[in-house]
Number of protein chains: 4
Amino acid sequence: MTSEWQRLQSKLPEWVEQNRHEYIHGKVAAYIPELSKAPADALGVVVMNGAGETVVAGDTELQFTMQSISKVFTLILALMDNGEDVVFSKVGMEPTGDRFNSMLKLELVEPGIPFNPLINAGAIAVSSLIRGNSPEERFARVLQFFRLLTCNDTLEYDQDVYDSESATGHLNRSLAYFLMEKGILRGRVEDVLEVYFRHCAVKLNCTDLARMGLVLAYNGRDPVTGVPLIPRRFVQIAKTFMTTCGMYDASGEFAIQVGLPAKSGVSGGIMTMVPGRYGIGLVGPSLNRMGNSTAGVHLLETMSRDLDWSLF
Amino acid sequence: MTSEWQRLQSKLPEWVEQNRHEYIHGKVAAYIPELSKAPADALGVVVMNGAGETVVAGDTELQFTMQSISKVFTLILALMDNGEDVVFSKVGMEPTGDRFNSMLKLELVEPGIPFNPLINAGAIAVSSLIRGNSPEERFARVLQFFRLLTCNDTLEYDQDVYDSESATGHLNRSLAYFLMEKGILRGRVEDVLEVYFRHCAVKLNCTDLARMGLVLAYNGRDPVTGVPLIPRRFVQIAKTFMTTCGMYDASGEFAIQVGLPAKSGVSGGIMTMVPGRYGIGLVGPSLNRMGNSTAGVHLLETMSRDLDWSLF
Amino acid sequence: MTSEWQRLQSKLPEWVEQNRHEYIHGKVAAYIPELSKAPADALGVVVMNGAGETVVAGDTELQFTMQSISKVFTLILALMDNGEDVVFSKVGMEPTGDRFNSMLKLELVEPGIPFNPLINAGAIAVSSLIRGNSPEERFARVLQFFRLLTCNDTLEYDQDVYDSESATGHLNRSLAYFLMEKGILRGRVEDVLEVYFRHCAVKLNCTDLARMGLVLAYNGRDPVTGVPLIPRRFVQIAKTFMTTCGMYDASGEFAIQVGLPAKSGVSGGIMTMVPGRYGIGLVGPSLNRMGNSTAGVHLLETMSRDLDWSLF
Amino acid sequence: MTSEWQRLQSKLPEWVEQNRHEYIHGKVAAYIPELSKAPADALGVVVMNGAGETVVAGDTELQFTMQSISKVFTLILALMDNGEDVVFSKVGMEPTGDRFNSMLKLELVEPGIPFNPLINAGAIAVSSLIRGNSPEERFARVLQFFRLLTCNDTLEYDQDVYDSESATGHLNRSLAYFLMEKGILRGRVEDVLEVYFRHCAVKLNCTDLARMGLVLAYNGRDPVTGVPLIPRRFVQIAKTFMTTCGMYDASGEFAIQVGLPAKSGVSGGIMTMVPGRYGIGLVGPSLNRMGNSTAGVHLLETMSRDLDWSLF
């Protein structure tokens with residue numbers, strides 16, 4: 001293990017620079033102004049081990065919103081709030097093969113519940129399961145959970161990103177009303193979306209993400225503090241979904257080329273982990289056709305191959 | 001012509017009774033309480049000629065809401081308000097082969113505009129094109145147009161039906177937000193749906209429907225009053241859509257078995273016409289699998305075959 | 001009527017020249033070499049009246065293969081061989097909204113029979129219903145029927161086109177095996193496709209097509225010879241399908257812009273008619289995005305508007 | 001490790017009997033007579049360790065055909081024959097969310113290559129990549145490879161199963177012709193299907209399957225003989241696909257509930273493994289709605305939970 005850590009220390013900066021140029025094959029998300037401002041050629045990564053030590057390379061000072069990465073942890077919170085039976089009566093466990101915001105399977109495949117909790121429809125259904133007497137209270141619980149996981153009490157959501165997503169998120173509204181029609185959503189659509197858009201807009205950096213991944217890598221116990229934060233079974237569920245559905249429509253390819261549980265977001269963030277060893281947080285805003293950080297995916301391929309990290 | 005009219009007078013009551021029992025192969029719409037109260041075995045029809053004379057048979061006293069039948073006339077009003085070019089930049093001209101409330105083609109077929117103005121997505125897009133400074137003003141113009149066409153100044157929408165549809169119409173909201181995402185909808189979703197749900201809830205009887213059909217049968221000029229109400233080209237467009245898409249997913253079969261332009265609604269109403277001769281209004285609340293009045297379709301088959309009415 | 005005929009005589013050459021240039025917005029079919037050789041800028045049309053007189057304009061000497069136009073007449077022959085009940089147990093009556101060679105609805109919509117007899121899957125199913133003890137005998141009956149309708153005993157299929165289509169028609173084989181799986185096809189796939197590819201490869205000119213249209217325009221009786229060739233009900237069925245599904249995915253638009261029953265083929269041919277008056281045969285090899293003769297469709301729009309031919 | 005082996009020895013018979021009754025919630029495949037004869041309530045399992053020792057329980061004497069399980073190894077052979085680049089130019093790496101024999105994504109998602117090598121379309125494409133000058137030679141190479149992996153020189157395909165599948169496999173022909181149209185298939189359709197139907201019909205028992213799984217569990221080196229049989233990278237690819245797509249449309253659920261790479265077949269067989277430890281072969285002919293052995297899946301859930309085998 002020591003030598004692996006040393007290799008990371010010596011090679012990571014080089015690997016970042018090698019893969020950074022891949023940004024030219026992608027584009028920064030532009031559907032809201034706040035995302036489009038991100039630097040296209042940025043690439044940063046933090047690897048954190050069980051002692052809380054880090055290897056850092058590239059643009060790790062960059063702040064970005066969690067976007068879809070948050071779905072992993074709202075799923076976990078919904079599981080902690082409701083148990084497996086309730087959650088899996090509202091969302092399935094299968095990859096879809098369709099775009100993350102697709103409505104096809106909702107219409108075509110009975111009983112019309114979202115195929116999994118990491119596509120938008122599924123994540124919206126999951127958001128509606130978070131306990132709380134109001135959208136404010138539900139989001140406060142989500143934020144508190146994210147702060148606990150990151151050991152970062154200053155974590156907040158970005159008001160501008162939230163406002164923009166809320167103002168333009170018609171497709172998510174369309175999905176949410178479809179779910180409402182099917183009886184899958186708890187509460188009012190606008191209340192559910194308020195929670196959903198807020199947790200997607202939580203702002204952090206690579207170190208925060210690495211810490212979140214670290215908790216998953218150690219089966220729910222923060223290895224630095226020793227505090228148990230998530231029941232192991234729910235970590236297992238989350239890691240499985242990250243493996244089968246975490247990287248949008250390129251999840252299968254990522255499993256073959258990298259082989260680690262991971263979740264990406266439209267801001268260019270990726271959270272991944274080496275089970276039992278490291279949490280990893282990464283950002284590279286230029287996205288490939290599938291919506292994943294183009295340089296980030298290449299960097300993780302380099303790392304996983306060199307260090308033989310695939311689970312398979 | 002005289003003999004055809006006489007035959008209608010002598011045979012229509014018999015034909016109604018012959019076909020009434022077909023109601024047992026269908027079901028009254030039950031998604032809102034107001035519709036479910038309709039008498040399943042009712043069947044009534046009014047045939048009106050160019051002199052405004054009628055042949056009447058069955059339960060023609062029944063009041064019912066226009067539902068999808070209204071889409072024919074909001075299309076016409078939108079055409080009168082905007083012209084062909086504007087309207088057909090927002091909706092297409094093709095049958096879909098999918099359910100009237102399907103989202104498939106919106107997602108699968110570029111550029112994602114509704115295939116035609118008689119499916120829900122298309123009718124919602126069309127409703128957003130009605131001129132007016134507020135939803136109230138837009139609906140007032142629709143209602144005024146319907147009153148003109150029926151020569152019935154007491155025509156109103158049914159508040160209970162409107163309230164129920166508005167409260168439960170999540171799938172229509174889902175469609176509307178999808179259209180909003182695609183830039184197809186003018187104005188706010190809830191404003192558009194307010195107009196849409198209201199015009200679907202306009203209440204009338206078979207005589208009113210027959211009068212509306214009569215105007216179409218005479219190419220837009222009310223033959224009783226001699227007043228021109230609709231430009232002939234827009235009547236032609238409406239009749240064409242009624243022929244290719246007017247009877248939901250059974251439009252093709254209806255064209256082959258009846259061969260007349262027609263539009264049905266989920267209340268069991270059907271408006272049809274014999275071009276140059278009659279307007280026909282019909283109601284039979286029990287619906288077949290495709291959403292059309294089961295006894296009503298059979299009755300129209302009997303009439304069209306006996307009197308050789310098919311356009312083809 | 002006389003004046004309409006005179007107007008046709010005086011205007012048709014001019015209309016042909018006006019619309020000929022539309023070919024630049026399309027492309028000649030190129031999936032087999034035989035089709036790709038057709039002159040892109042050709043446009044010819046023959047209008048034939050009940051006395052067998054013709055108005056002719058443009059490149060009417062061009063020979064071309066019937067392709068999908070043949071489907072109208074194999075449907076009629078299958079109806080004459082089997083009756084409505086048998087035929088409509090194998091194919092439906094509805095437009096699909098999908099491409100003519102799509103498999104979507106076969107898989108998605110129970111019971112998996114082709115939606116109508118004018119898409120490829122439906123036409124293949126219909127071909128399997130033609131009576132005969134062998135593919136040769138079945139095709140011989142089809143050819144004999146086409147000769148009767150055209151009053152042209154020299155009609156033959158084009159061997160090169162047949163060979164090319166048979167050699168490259170993998171998608172039609174795919175459709176046929178799917179139908180076989182569903183129990184919809186009579187006989188062996190290769191036998192059925194032999195008949196299908198042959199009748200698509202029957203070669204003729206605009207005058208032949210106009211004569212075929214003329215028989216339909218006069219409800220199945222050849223008005224020139226007075227000989228009844230098709231029962232009127234089957235003509236009615238054919239004309240209805242031509243109206244709702246005859247022009248591929250542009251059938252709805254054609255109904256609105258032209259308003260006549262018509263069937264197009266990938267060779268650029270279009271057969272249409274003015275009921276009770278004319279048969280019309282047309283060819284213009286350059287196809288629009290939907291697979292219809294681009295100049296041909298524009299020419300028919302010009303003719304129908306000027307002479308007010310729409311059925312609607 | 002010793003204690004795990006002892007626990008397997010003491011508990012496996014009990015677990016088999018506990019889960020056997022789950023067969024009543026499924027059905028034996030009946031599309032060909034040969035499969036329908038399998039005993040519905042049979043359940044057998046063999047666990048083999050790196051020393052070649054086995055723990056055996058239930059009906060392990062049962063012989064059955066590999067069916068879809070064979071796809072894992074033809075993929076590996078195609079990779080050994082062609083390398084990753086060639087293979088992944090013909091098939092993708094993504095789960096589909098659709099039925100294993102679906103054509104939807106081939107038509108809907110460009111470029112129309114099969115989403116992964118474990119659905120039928122993908123496996124047929126892969127079969128066409130096996131090296132050899134004739135179907136006979138290609139299948140002989142496949143069989144030789146399967147014999148090597150099982151250390152069983154008597155392995156053969158079942159002629160009756162092959163004949164039946166070949167005679168009734170119209171849907172696979174439909175898929176194959178679609179692939180041919182897209183230029184994905186090497187060679188003639190019937191030649192490719194001959195190889196495909198034969199390798200699906202290879203007959204074996206649970207011990208054979210366990211041995212095949214064992215080779216994968218040890219990264220391609222047979223741990224009993226020490227002989228390297230498969231390059232480790234190709235084992236990794238195979239195990240990844242087994243995890244994301246190995247259990248048809250229940251692969252996601254299996255990953256969450258069992259968490260091991262696995263592949264099932266319509267005969268009721270399942271091959272799985274515990275990486276670095278065991279190969280597992282199982283048979284239970286009664287299939288659940290998704291096509292997996294219903295008792296078999298339950299048995300594996302019991303085993304994986306008790307022994308904490310999930311990779312995640």
# chains A, B, ... in the order shown; residues from 1 in each chain; ligands from 1
>>> select_by_dssp(residues="range 57-115 of chain C", states="helix (DSSP H, G or I)", output="PyMOL selection string")
chain C and resi 67-90+104-108
>>> select_by_dssp(residues="range 168-310 of chain A", states="strand (DSSP E)", output="JSON list (two decimals) with all heavy atoms, in the first residue's frame")
[["chain", "number", "residue", "atom", "x", "y", "z"],
["A", 202, "VAL", "N", -25.77, 22.08, -4.39],
["A", 202, "VAL", "CA", -24.82, 22.18, -3.28],
["A", 202, "VAL", "C", -23.41, 22.31, -3.85],
["A", 202, "VAL", "O", -23.02, 21.54, -4.74],
["A", 202, "VAL", "CB", -24.93, 20.97, -2.32],
["A", 202, "VAL", "CG1", -23.76, 20.95, -1.34],
["A", 202, "VAL", "CG2", -26.27, 21.02, -1.58],
["A", 203, "LYS", "N", -22.68, 23.28, -3.32],
["A", 203, "LYS", "CA", -21.38, 23.63, -3.87],
["A", 203, "LYS", "C", -20.27, 23.05, -3.01],
["A", 203, "LYS", "O", -20.33, 23.12, -1.78],
["A", 203, "LYS", "CB", -21.26, 25.15, -3.89],
["A", 203, "LYS", "CG", -20.31, 25.67, -4.94],
["A", 203, "LYS", "CD", -20.57, 27.13, -5.21],
["A", 203, "LYS", "CE", -19.73, 27.64, -6.36],
["A", 203, "LYS", "NZ", -20.13, 28.98, -6.76],
["A", 204, "LEU", "N", -19.24, 22.52, -3.64],
["A", 204, "LEU", "CA", -18.12, 21.96, -2.87],
["A", 204, "LEU", "C", -16.88, 21.93, -3.76],
["A", 204, "LEU", "O", -16.87, 22.46, -4.86],
["A", 204, "LEU", "CB", -18.48, 20.57, -2.34],
["A", 204, "LEU", "CG", -19.22, 19.57, -3.25],
["A", 204, "LEU", "CD1", -18.52, 19.35, -4.54],
["A", 204, "LEU", "CD2", -19.46, 18.27, -2.51],
["A", 262, "ALA", "N", -18.68, 4.89, -9.31],
["A", 262, "ALA", "CA", -18.46, 6.32, -9.53],
["A", 262, "ALA", "C", -19.77, 7.01, -9.83],
["A", 262, "ALA", "O", -20.72, 6.37, -10.27],
["A", 262, "ALA", "CB", -17.49, 6.55, -10.69],
["A", 263, "LYS", "N", -19.81, 8.29, -9.58],
["A", 263, "LYS", "CA", -20.96, 9.10, -9.99],
["A", 263, "LYS", "C", -20.46, 10.43, -10.50],
["A", 263, "LYS", "O", -19.65, 11.09, -9.86],
["A", 263, "LYS", "CB", -21.94, 9.31, -8.83],
["A", 263, "LYS", "CG", -23.21, 10.06, -9.24],
["A", 263, "LYS", "CD", -24.14, 9.19, -10.05],
["A", 263, "LYS", "CE", -25.11, 9.97, -10.96],
["A", 263, "LYS", "NZ", -24.49, 10.36, -12.24],
["A", 264, "SER", "N", -21.00, 10.81, -11.67],
["A", 264, "SER", "CA", -20.62, 12.07, -12.28],
["A", 264, "SER", "C", -21.76, 13.07, -12.20],
["A", 264, "SER", "O", -22.90, 12.71, -11.95],
["A", 264, "SER", "CB", -20.26, 11.82, -13.75],
["A", 264, "SER", "OG", -21.39, 11.29, -14.41],
["A", 269, "GLY", "N", -17.95, 17.28, -12.18],
["A", 269, "GLY", "CA", -17.46, 16.54, -11.02],
["A", 269, "GLY", "C", -17.63, 15.04, -11.18],
["A", 269, "GLY", "O", -18.55, 14.58, -11.85],
["A", 270, "ILE", "N", -16.72, 14.29, -10.58],
["A", 270, "ILE", "CA", -16.86, 12.84, -10.46],
["A", 270, "ILE", "C", -16.40, 12.45, -9.06],
["A", 270, "ILE", "O", -15.33, 12.85, -8.61],
["A", 270, "ILE", "CB", -16.01, 12.06, -11.49],
["A", 270, "ILE", "CG1", -16.39, 12.44, -12.92],
["A", 270, "ILE", "CG2", -16.17, 10.55, -11.29],
["A", 270, "ILE", "CD1", -15.55, 11.74, -14.00],
["A", 271, "MET", "N", -17.26, 11.67, -8.40],
["A", 271, "MET", "CA", -16.84, 11.08, -7.13],
["A", 271, "MET", "C", -16.66, 9.59, -7.34],
["A", 271, "MET", "O", -17.53, 8.92, -7.90],
["A", 271, "MET", "CB", -17.91, 11.30, -6.05],
["A", 271, "MET", "CG", -17.53, 10.62, -4.74],
["A", 271, "MET", "SD", -18.94, 10.51, -3.60],
["A", 271, "MET", "CE", -20.01, 9.38, -4.50],
["A", 272, "THR", "N", -15.52, 9.07, -6.91],
["A", 272, "THR", "CA", -15.32, 7.63, -7.02],
["A", 272, "THR", "C", -14.51, 7.18, -5.81],
["A", 272, "THR", "O", -14.25, 7.97, -4.88],
["A", 272, "THR", "CB", -14.67, 7.26, -8.38],
["A", 272, "THR", "OG1", -14.52, 5.85, -8.46],
["A", 272, "THR", "CG2", -13.32, 7.91, -8.56],
["A", 273, "MET", "N", -14.13, 5.92, -5.78],
["A", 273, "MET", "CA", -13.43, 5.41, -4.59],
["A", 273, "MET", "C", -12.73, 4.11, -4.96],
["A", 273, "MET", "O", -13.11, 3.44, -5.92],
["A", 273, "MET", "CB", -14.44, 5.12, -3.50],
["A", 273, "MET", "CG", -15.12, 3.78, -3.68],
["A", 273, "MET", "SD", -16.82, 3.79, -3.14],
["A", 273, "MET", "CE", -17.46, 5.17, -4.07],
["A", 274, "VAL", "N", -11.72, 3.79, -4.18],
["A", 274, "VAL", "CA", -11.13, 2.45, -4.24],
["A", 274, "VAL", "C", -11.53, 1.78, -2.92],
["A", 274, "VAL", "O", -11.06, 2.20, -1.85],
["A", 274, "VAL", "CB", -9.61, 2.50, -4.39],
["A", 274, "VAL", "CG1", -9.04, 1.09, -4.56],
["A", 274, "VAL", "CG2", -9.22, 3.38, -5.58],
["A", 278, "TYR", "N", -9.32, 4.35, -0.78],
["A", 278, "TYR", "CA", -9.34, 5.79, -1.03],
["A", 278, "TYR", "C", -10.72, 6.32, -1.40],
["A", 278, "TYR", "O", -11.50, 5.62, -2.04],
["A", 278, "TYR", "CB", -8.41, 6.16, -2.20],
["A", 278, "TYR", "CG", -7.08, 5.49, -2.18],
["A", 278, "TYR", "CD1", -6.68, 4.70, -3.25],
["A", 278, "TYR", "CD2", -6.22, 5.64, -1.09],
["A", 278, "TYR", "CE1", -5.45, 4.07, -3.25],
["A", 278, "TYR", "CE2", -4.98, 5.01, -1.09],
["A", 278, "TYR", "CZ", -4.60, 4.23, -2.16],
["A", 278, "TYR", "OH", -3.39, 3.60, -2.17],
["A", 279, "GLY", "N", -10.95, 7.55, -1.04],
["A", 279, "GLY", "CA", -12.01, 8.33, -1.67],
["A", 279, "GLY", "C", -11.38, 9.27, -2.68],
["A", 279, "GLY", "O", -10.27, 9.77, -2.45],
["A", 280, "ILE", "N", -12.07, 9.48, -3.80],
["A", 280, "ILE", "CA", -11.51, 10.31, -4.86],
["A", 280, "ILE", "C", -12.54, 11.34, -5.31],
["A", 280, "ILE", "O", -13.69, 11.00, -5.61],
["A", 280, "ILE", "CB", -11.07, 9.44, -6.07],
["A", 280, "ILE", "CG1", -9.99, 8.44, -5.64],
["A", 280, "ILE", "CG2", -10.58, 10.32, -7.23],
["A", 280, "ILE", "CD1", -9.59, 7.45, -6.72],
["A", 281, "GLY", "N", -12.11, 12.60, -5.34],
["A", 281, "GLY", "CA", -12.95, 13.67, -5.88],
["A", 281, "GLY", "C", -12.23, 14.32, -7.04],
["A", 281, "GLY", "O", -11.02, 14.55, -6.98],
["A", 282, "LEU", "N", -12.98, 14.60, -8.10],
["A", 282, "LEU", "CA", -12.36, 15.07, -9.33],
["A", 282, "LEU", "C", -13.27, 16.10, -9.97],
["A", 282, "LEU", "O", -14.49, 16.04, -9.83],
["A", 282, "LEU", "CB", -12.20, 13.85, -10.23],
["A", 282, "LEU", "CG", -11.69, 13.95, -11.65],
["A", 282, "LEU", "CD1", -11.09, 12.58, -12.05],
["A", 282, "LEU", "CD2", -12.78, 14.31, -12.63],
["A", 283, "VAL", "N", -12.67, 17.05, -10.68],
["A", 283, "VAL", "CA", -13.49, 17.96, -11.48],
["A", 283, "VAL", "C", -12.78, 18.31, -12.79],
["A", 283, "VAL", "O", -11.56, 18.48, -12.83],
["A", 283, "VAL", "CB", -13.85, 19.25, -10.71],
["A", 283, "VAL", "CG1", -12.62, 20.13, -10.48],
["A", 283, "VAL", "CG2", -14.92, 20.03, -11.47],
["A", 286, "SER", "N", -15.36, 20.20, -18.83],
["A", 286, "SER", "CA", -15.72, 19.90, -20.22],
["A", 286, "SER", "C", -16.28, 18.48, -20.30],
["A", 286, "SER", "O", -15.61, 17.52, -19.92],
["A", 286, "SER", "CB", -14.47, 20.04, -21.10],
["A", 286, "SER", "OG", -14.78, 19.79, -22.44],
["A", 287, "LEU", "N", -17.51, 18.36, -20.81],
["A", 287, "LEU", "CA", -18.23, 17.09, -20.78],
["A", 287, "LEU", "C", -18.20, 16.40, -22.14],
["A", 287, "LEU", "O", -18.34, 17.05, -23.17],
["A", 287, "LEU", "CB", -19.69, 17.33, -20.40],
["A", 287, "LEU", "CG", -19.96, 18.12, -19.13],
["A", 287, "LEU", "CD1", -21.46, 18.28, -18.92],
["A", 287, "LEU", "CD2", -19.32, 17.43, -17.92]]
>>> residues_around(residues="Val126 in chain C", least_positions_apart="4", cutoff="8 Å", atoms="only C-alpha atoms", output="ChimeraX atom specification")
/C:74-75,78,87,90-91,117,122,130
>>> residues_around(residues="range 182-198 of chain C", least_positions_apart="4", cutoff="9 Å", atoms="only C-alpha atoms", output="PyMOL selection string")
(chain C and resi 67+71+89-91+111-113+123-129+134-136+138-139+142+157-159+161-163+165-166+169+172-173+176-178+202) or (chain D and resi 170-171)
>>> residues_around(residues="Thr244 in chain C", least_positions_apart="4", cutoff="9 Å", atoms="only C-alpha atoms", output="list of chain:residue names")
B:Pro95, B:Thr243, B:Thr244, B:Cys245, B:Ser251, B:Gly252, B:Ala255, C:Glu94, C:Pro95, C:Lys239, C:Thr240, C:Ser251, C:Gly252, C:Ala255, C:Pro261
>>> closest_atom_pairs(of="chain B", to="chain D", cutoff="12 Å", atoms="only C-alpha atoms", output="CSV")
residue,atom,partner,partner_atom,distance
B:Leu104,CA,D:Leu108,CA,11.6
B:Lys105,CA,D:Leu108,CA,11.5
B:Glu107,CA,D:Leu108,CA,11.1
B:Leu108,CA,D:Leu108,CA,7.9
B:Val109,CA,D:Leu108,CA,9.8
>>> write_last_selection(atoms="all heavy atoms", output="PDB file, in the first residue's frame")
ATOM      1  N   LEU B 104     -43.898   9.566 -26.476  1.00  0.00           N
ATOM      2  CA  LEU B 104     -42.832   8.887 -27.212  1.00  0.00           C
ATOM      3  C   LEU B 104     -42.273   9.732 -28.352  1.00  0.00           C
ATOM      4  O   LEU B 104     -41.082   9.965 -28.440  1.00  0.00           O
ATOM      5  CB  LEU B 104     -43.335   7.564 -27.793  1.00  0.00           C
ATOM      6  CG  LEU B 104     -43.725   6.476 -26.801  1.00  0.00           C
ATOM      7  CD1 LEU B 104     -44.068   5.204 -27.548  1.00  0.00           C
ATOM      8  CD2 LEU B 104     -42.594   6.229 -25.810  1.00  0.00           C
ATOM      9  N   LYS B 105     -43.150  10.150 -29.248  1.00  0.00           N
ATOM     10  CA  LYS B 105     -42.642  10.829 -30.447  1.00  0.00           C
ATOM     11  C   LYS B 105     -42.044  12.192 -30.116  1.00  0.00           C
ATOM     12  O   LYS B 105     -41.151  12.659 -30.813  1.00  0.00           O
ATOM     13  CB  LYS B 105     -43.749  10.939 -31.477  1.00  0.00           C
ATOM     14  CG  LYS B 105     -44.078   9.575 -32.079  1.00  0.00           C
ATOM     15  CD  LYS B 105     -44.527   9.680 -33.502  1.00  0.00           C
ATOM     16  CE  LYS B 105     -44.504   8.338 -34.216  1.00  0.00           C
ATOM     17  NZ  LYS B 105     -44.915   7.179 -33.435  1.00  0.00           N
ATOM     18  N   GLU B 107     -40.152  12.743 -27.700  1.00  0.00           N
ATOM     19  CA  GLU B 107     -38.763  12.471 -27.346  1.00  0.00           C
ATOM     20  C   GLU B 107     -37.984  11.871 -28.508  1.00  0.00           C
ATOM     21  O   GLU B 107     -36.813  12.190 -28.708  1.00  0.00           O
ATOM     22  CB  GLU B 107     -38.709  11.525 -26.135  1.00  0.00           C
ATOM     23  CG  GLU B 107     -37.275  11.211 -25.720  1.00  0.00           C
ATOM     24  CD  GLU B 107     -37.180  10.493 -24.385  1.00  0.00           C
ATOM     25  OE1 GLU B 107     -38.090  10.624 -23.549  1.00  0.00           O
ATOM     26  OE2 GLU B 107     -36.180   9.781 -24.188  1.00  0.00           O
ATOM     27  N   LEU B 108     -38.633  11.012 -29.289  1.00  0.00           N
ATOM     28  CA  LEU B 108     -37.894  10.224 -30.279  1.00  0.00           C
ATOM     29  C   LEU B 108     -37.732  10.900 -31.631  1.00  0.00           C
ATOM     30  O   LEU B 108     -36.792  10.598 -32.361  1.00  0.00           O
ATOM     31  CB  LEU B 108     -38.581   8.864 -30.487  1.00  0.00           C
ATOM     32  CG  LEU B 108     -38.515   7.890 -29.323  1.00  0.00           C
ATOM     33  CD1 LEU B 108     -39.319   6.638 -29.642  1.00  0.00           C
ATOM     34  CD2 LEU B 108     -37.061   7.514 -29.021  1.00  0.00           C
ATOM     35  N   VAL B 109     -38.678  11.742 -32.018  1.00  0.00           N
ATOM     36  CA  VAL B 109     -38.654  12.261 -33.385  1.00  0.00           C
ATOM     37  C   VAL B 109     -38.363  13.756 -33.395  1.00  0.00           C
ATOM     38  O   VAL B 109     -39.142  14.549 -32.886  1.00  0.00           O
ATOM     39  CB  VAL B 109     -39.997  11.973 -34.102  1.00  0.00           C
ATOM     40  CG1 VAL B 109     -39.911  12.421 -35.554  1.00  0.00           C
ATOM     41  CG2 VAL B 109     -40.351  10.502 -34.013  1.00  0.00           C
TER      42      VAL B 109
END
>>> decode(residues="range 81-108 of chain C", atoms="C-alpha atoms", output="PDB file, in the first residue's frame")
ATOM      1  CA  ASP C  81     -58.455 -13.844 -52.733  1.00  0.00           C
ATOM      2  CA  ASN C  82     -59.246 -13.952 -49.027  1.00  0.00           C
ATOM      3  CA  GLY C  83     -61.898 -11.413 -48.024  1.00  0.00           C
ATOM      4  CA  GLU C  84     -61.650  -8.642 -45.458  1.00  0.00           C
ATOM      5  CA  ASP C  85     -61.705 -10.817 -42.361  1.00  0.00           C
ATOM      6  CA  VAL C  86     -58.660 -12.874 -43.256  1.00  0.00           C
ATOM      7  CA  VAL C  87     -56.620  -9.919 -44.485  1.00  0.00           C
ATOM      8  CA  PHE C  88     -57.398  -7.801 -41.430  1.00  0.00           C
ATOM      9  CA  SER C  89     -56.448 -10.607 -39.089  1.00  0.00           C
ATOM     10  CA  LYS C  90     -52.899 -10.192 -40.449  1.00  0.00           C
ATOM     11  CA  VAL C  91     -52.620  -6.410 -40.841  1.00  0.00           C
ATOM     12  CA  GLY C  92     -54.251  -3.480 -39.110  1.00  0.00           C
ATOM     13  CA  MET C  93     -55.822  -0.291 -40.444  1.00  0.00           C
ATOM     14  CA  GLU C  94     -53.864   2.430 -38.678  1.00  0.00           C
ATOM     15  CA  PRO C  95     -51.181   4.898 -39.723  1.00  0.00           C
ATOM     16  CA  THR C  96     -48.002   4.338 -37.715  1.00  0.00           C
ATOM     17  CA  GLY C  97     -46.194   7.655 -37.547  1.00  0.00           C
ATOM     18  CA  ASP C  98     -42.985   5.632 -37.950  1.00  0.00           C
ATOM     19  CA  ARG C  99     -40.760   4.982 -40.968  1.00  0.00           C
ATOM     20  CA  PHE C 100     -42.146   2.556 -43.543  1.00  0.00           C
ATOM     21  CA  ASN C 101     -39.536  -0.034 -42.614  1.00  0.00           C
ATOM     22  CA  SER C 102     -39.696   0.445 -38.846  1.00  0.00           C
ATOM     23  CA  MET C 103     -39.912  -2.486 -36.435  1.00  0.00           C
ATOM     24  CA  LEU C 104     -40.880  -0.406 -33.395  1.00  0.00           C
ATOM     25  CA  LYS C 105     -44.609  -0.989 -33.330  1.00  0.00           C
ATOM     26  CA  LEU C 106     -44.243  -4.676 -34.149  1.00  0.00           C
ATOM     27  CA  GLU C 107     -42.327  -5.021 -30.892  1.00  0.00           C
ATOM     28  CA  LEU C 108     -44.102  -2.400 -28.786  1.00  0.00           C
TER      29      LEU C 108
END
